[in-house]
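Read the structure below first, then the notes.
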Amino acid sequence: MLPFKLLNYLGANEQPTAGVLVGSTVFPLSDILSSLPGQPSAARSVLDVLDDWGSYAPRVQAAAKLALERQMPGEQLEKLHLLAPLLYPGAVYCAGANYTDHVLEMARISNLAADPDPREVGLKPWHFLKPSRSCIVASGTTIQRPSGSQKLDWEAELVAVIGLMARDVSVADALRHVAGYTIANDLSARDLSRRHPLAAGSPFRFDWTAHKGFDGSCPLGPWITPAEQIKNPQNLEIRLWVNDDIKQDSNTSQMIFTVAEQIAHLSTIVTLHPGDIVLTGTPAGVGAARGEFLQPGDRVVVEIEGLGQLESHIA
């Protein structure tokens, strides 16, 4: 099996171009697919590939292998300006409170008793949404803090990219619907999450859009790694650094609800489509627990085992 990644970059005439990364070389997706014998491919974008993942995944792999054998010209990765691997995801689902250590640290800073184990009280995975076009930005992007916020926080997350429509799927079958994995930083404006002076018990107090849905709040990338190249999504090291100081250092084995459980549950509420993404939660070590927040000039790096590094800069 030839390992490959899917990505987007600025190509000729500064236009977004879908690419296939093999080693350190990037081949234009449409060019290498057109080199395969048989009927010409209609795929021009990463989303086109995801829309028919079962058919395109082996074709992309075969095309990449052929490109290497024929020594087709490609671009060196370090010379390219990468874009988000999905420019416009369909829906961006984000898991809340899905690592035990993170749940405990957030209860502590809120001066609240720790919530009971979700499994023991029969709770299911819990998700919220981000607006995809405004939130998704590429690795390397410089991000503006939202207006009025002084408490911009980081959250390293594993992302599952849907490649097969899912509705009412079982936990056992859920990962079959994942095309691949990537990395996200679920940026959070902690000081915009509540509408003051509404009372603490008011159902209208919380503002999830200001808190989580501002422009640039979901750095994503640097590429999509096909699921078959990841042996176990529940055993991946996940780390985050701010200016070379490590802040989060954990493993996806610490999730409360697994990736499969999250996808299965979401699919009972809404149909998941190719190109939808699921952010699966963050471990302990967020800024709010430390009394530290992102400042202008900060550099944030998220690394997940086998998936590369996602880098962001704060304006």
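Identifiers for the structure tokens are assigned positionally: chains receive A, B, ... in sequence, residues are indexed from 1 per chain, and ligands are indexed from 1 in the order shown.
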Legend entry - Distance query segment 232-240 of chain A at most 9 Å, only C-alpha atoms, self and fewer than 5 positions along chain excluded, as a list in words: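 Listed by chain and then number, they are Trp154, Glu155, Ala156, Glu157, Leu158, Tyr181, Ala227, Asp245, Ile246, Lys247, Gln248, Asp249, Ser250, Asn251, Thr252, Ser253, Gln254, Met255, Thr258, Val259, Pro283, Gly285, Val300, Val301, Val302, Glu303, Ile304, Glu305 and Gly306 of chain A.
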Inset, instruction - Please return as a count of residues only: the residues of segment 103-281 of chain A that backbone DSSP assigns to strand (DSSP E). - result: 52
Mind dumping a table of every segment 42-159 of chain A residue within 10 Å of segment 4-25 of chain A, with the nearest atom pair and its distance in Å to one decimal, using only C-alpha atoms, sorted by chain and rising number, as a tab-separated table?
residue	atom	partner	partner_atom	distance
A:Ala43	CA	A:Ala18	CA	9.5
A:Arg44	CA	A:Ala18	CA	6.9
A:Ser45	CA	A:Ala18	CA	5.3
A:Val46	CA	A:Ala18	CA	6.0
A:Leu47	CA	A:Ala18	CA	9.3
A:Asp48	CA	A:Ala18	CA	9.9
A:Val49	CA	A:Leu6	CA	9.4
A:Ala57	CA	A:Phe4	CA	9.9
A:Val60	CA	A:Val20	CA	7.9
A:Gln61	CA	A:Phe4	CA	7.0
A:Ala63	CA	A:Val20	CA	9.5
A:Ala64	CA	A:Val22	CA	7.2
A:Lys65	CA	A:Val22	CA	8.9
A:Ala67	CA	A:Val22	CA	9.7
A:Leu68	CA	A:Val22	CA	8.7
A:Pro73	CA	A:Thr25	CA	9.0
A:Gly74	CA	A:Thr25	CA	5.9
A:Glu75	CA	A:Thr25	CA	5.6
A:Gln76	CA	A:Thr25	CA	4.8
A:Leu77	CA	A:Ser24	CA	5.5
A:Glu78	CA	A:Ser24	CA	7.9
A:Leu80	CA	A:Tyr9	CA	6.5
A:His81	CA	A:Tyr9	CA	5.6
A:Leu82	CA	A:Tyr9	CA	4.2
A:Leu83	CA	A:Tyr9	CA	5.0
A:Ala84	CA	A:Asn8	CA	6.3
A:Pro85	CA	A:Leu7	CA	4.5
A:Leu86	CA	A:Asn8	CA	7.4
A:Leu87	CA	A:Asn8	CA	7.9
A:Ala138	CA	A:Asn8	CA	9.3
Write out, as a compact mmCIF listing (two decimals), in the first residue's frame, the residues just selected, with N, CA and C atoms.
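And here's out30.txt as it stands now:
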# COMPACT_ATOMS: atom_id res chain seq x y z
N ALA A 43 -13.22 13.83 -11.02
CA ALA A 43 -12.85 14.45 -9.75
C ALA A 43 -11.89 15.60 -9.98
N ARG A 44 -12.24 16.76 -9.42
CA ARG A 44 -11.38 17.93 -9.51
C ARG A 44 -11.04 18.49 -8.13
N SER A 45 -11.74 18.04 -7.11
CA SER A 45 -11.54 18.58 -5.76
C SER A 45 -11.49 17.44 -4.74
N VAL A 46 -11.02 17.78 -3.55
CA VAL A 46 -11.02 16.79 -2.46
C VAL A 46 -12.44 16.34 -2.16
N LEU A 47 -13.38 17.28 -2.20
CA LEU A 47 -14.77 16.92 -1.92
C LEU A 47 -15.31 15.96 -2.98
N ASP A 48 -14.91 16.14 -4.24
CA ASP A 48 -15.31 15.18 -5.29
C ASP A 48 -14.86 13.77 -4.93
N VAL A 49 -13.64 13.66 -4.42
CA VAL A 49 -13.10 12.35 -4.04
C VAL A 49 -13.89 11.77 -2.87
N ALA A 57 -10.75 6.23 -3.57
CA ALA A 57 -9.58 5.96 -2.73
C ALA A 57 -8.58 5.02 -3.41
N VAL A 60 -7.00 6.87 -6.48
CA VAL A 60 -5.99 7.86 -6.13
C VAL A 60 -4.68 7.17 -5.77
N GLN A 61 -4.78 6.07 -5.02
CA GLN A 61 -3.58 5.34 -4.65
C GLN A 61 -2.87 4.77 -5.89
N ALA A 63 -3.10 5.92 -8.93
CA ALA A 63 -2.59 7.04 -9.72
C ALA A 63 -1.30 7.59 -9.13
N ALA A 64 -1.23 7.65 -7.80
CA ALA A 64 -0.02 8.13 -7.14
C ALA A 64 1.15 7.18 -7.39
N LYS A 65 0.87 5.89 -7.36
CA LYS A 65 1.90 4.89 -7.62
C LYS A 65 2.42 5.03 -9.06
N ALA A 67 2.29 7.73 -10.90
CA ALA A 67 3.02 9.00 -11.02
C ALA A 67 4.47 8.84 -10.59
N LEU A 68 4.70 8.07 -9.52
CA LEU A 68 6.06 7.83 -9.07
C LEU A 68 6.83 6.98 -10.08
N PRO A 73 6.21 15.02 -13.09
CA PRO A 73 6.64 16.20 -12.32
C PRO A 73 5.64 16.52 -11.21
N GLY A 74 6.15 16.92 -10.09
CA GLY A 74 5.33 17.33 -8.96
C GLY A 74 5.96 18.52 -8.28
N GLU A 75 5.33 18.99 -7.23
CA GLU A 75 5.85 20.13 -6.46
C GLU A 75 6.36 19.64 -5.12
N GLN A 76 7.43 20.25 -4.64
CA GLN A 76 7.91 19.93 -3.30
C GLN A 76 7.03 20.60 -2.25
N LEU A 77 6.64 19.82 -1.26
CA LEU A 77 5.69 20.27 -0.25
C LEU A 77 6.10 21.60 0.38
N GLU A 78 7.37 21.74 0.73
CA GLU A 78 7.81 22.93 1.46
C GLU A 78 7.71 24.20 0.64
N LEU A 80 5.06 24.94 -1.28
CA LEU A 80 3.66 25.24 -1.57
C LEU A 80 3.00 26.02 -0.44
N HIS A 81 2.03 26.82 -0.83
CA HIS A 81 1.16 27.51 0.12
C HIS A 81 -0.07 26.63 0.31
N LEU A 82 -0.13 25.93 1.46
CA LEU A 82 -1.23 25.02 1.70
C LEU A 82 -2.49 25.77 2.10
N LEU A 83 -3.63 25.24 1.66
CA LEU A 83 -4.94 25.70 2.08
C LEU A 83 -5.54 24.63 3.00
N ALA A 84 -6.71 24.90 3.54
CA ALA A 84 -7.37 23.88 4.35
C ALA A 84 -7.65 22.66 3.49
N PRO A 85 -7.50 21.44 4.02
CA PRO A 85 -7.70 20.23 3.21
C PRO A 85 -9.14 20.07 2.73
N LEU A 86 -10.07 20.68 3.45
CA LEU A 86 -11.45 20.81 2.97
C LEU A 86 -11.76 22.30 3.00
N LEU A 87 -11.92 22.89 1.84
CA LEU A 87 -12.13 24.34 1.80
C LEU A 87 -13.49 24.71 2.39
N ALA A 138 -6.58 27.50 7.05
CA ALA A 138 -5.50 26.55 6.80
C ALA A 138 -4.43 26.60 7.87
Mind running segment 152-228 of chain A against segment 117-135 of chain A at 10 Å and telling me each contacting residue's nearest atom pair with the distance in Å (one decimal), counting only C-alpha atoms, chain and number ascending, as CSV?
residue,atom,partner,partner_atom,distance
A:Asp186,CA,A:Lys130,CA,9.5
A:Leu187,CA,A:Cys135,CA,9.5
A:Trp208,CA,A:Phe128,CA,8.3
A:Thr209,CA,A:Lys130,CA,7.6
A:Lys212,CA,A:Lys130,CA,6.8
A:Gly213,CA,A:Lys130,CA,5.1
A:Phe214,CA,A:Cys135,CA,6.3
A:Asp215,CA,A:Cys135,CA,4.9
A:Gly216,CA,A:Cys135,CA,4.4
A:Ser217,CA,A:Cys135,CA,4.9
A:Cys218,CA,A:Cys135,CA,5.0
A:Pro219,CA,A:Cys135,CA,7.5
A:Leu220,CA,A:Cys135,CA,9.4
I'd like the neighbourhood of Gly140 of chain A as a tab-separated table (two decimals) with N, CA and C atoms, in the first residue's frame, where a residue qualifies if any of its atoms comes within 7 Å (using only C-alpha atoms), though same-chain residues fewer than 2 positions away should be ignored.
chain	number	residue	atom	x	y	z
A	138	ALA	N	-6.58	27.50	7.05
A	138	ALA	CA	-5.50	26.55	6.80
A	138	ALA	C	-4.43	26.60	7.87
A	142	THR	N	-2.68	33.30	9.93
A	142	THR	CA	-2.65	34.26	11.02
A	142	THR	C	-4.10	34.64	11.35
A	311	GLU	N	-0.32	24.43	12.35
A	311	GLU	CA	0.28	25.62	12.94
A	311	GLU	C	-0.60	26.83	12.71
A	312	SER	N	-0.71	27.68	13.74
A	312	SER	CA	-1.48	28.92	13.63
A	312	SER	C	-0.71	30.04	14.31
A	313	HIS	N	-1.00	31.27	13.86
A	313	HIS	CA	-0.37	32.46	14.45
A	313	HIS	C	-1.47	33.43	14.86
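Considering the residues A:Ala189, A:Leu2, A:Ala91, A:Leu307 and counting only C-alpha atoms, Gly287 of chain A has its shortest atom-to-atom contact with A:Ala189.
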Excluding segment 106-115 of chain A and its own-chain neighbours fewer than 3 positions away, which residues fall within 8 Å of it when counting only C-alpha atoms? Please give them as a compact mmCIF listing (two decimals) with N, CA and C atoms, in the first residue's frame.
# COMPACT_ATOMS: atom_id res chain seq x y z
N HIS A 102 -10.23 16.83 30.94
CA HIS A 102 -10.69 18.17 30.57
C HIS A 102 -11.99 18.53 31.30
N VAL A 103 -12.89 17.56 31.44
CA VAL A 103 -14.13 17.79 32.19
C VAL A 103 -13.81 18.21 33.62
N PRO A 118 -20.51 10.33 32.44
CA PRO A 118 -21.64 10.32 31.49
C PRO A 118 -22.20 8.94 31.23
N ALA A 288 -7.76 28.18 29.80
CA ALA A 288 -8.65 28.63 30.88
C ALA A 288 -8.26 27.99 32.21
N ALA A 289 -7.82 26.75 32.17
CA ALA A 289 -7.44 26.05 33.41
C ALA A 289 -6.15 26.59 33.99
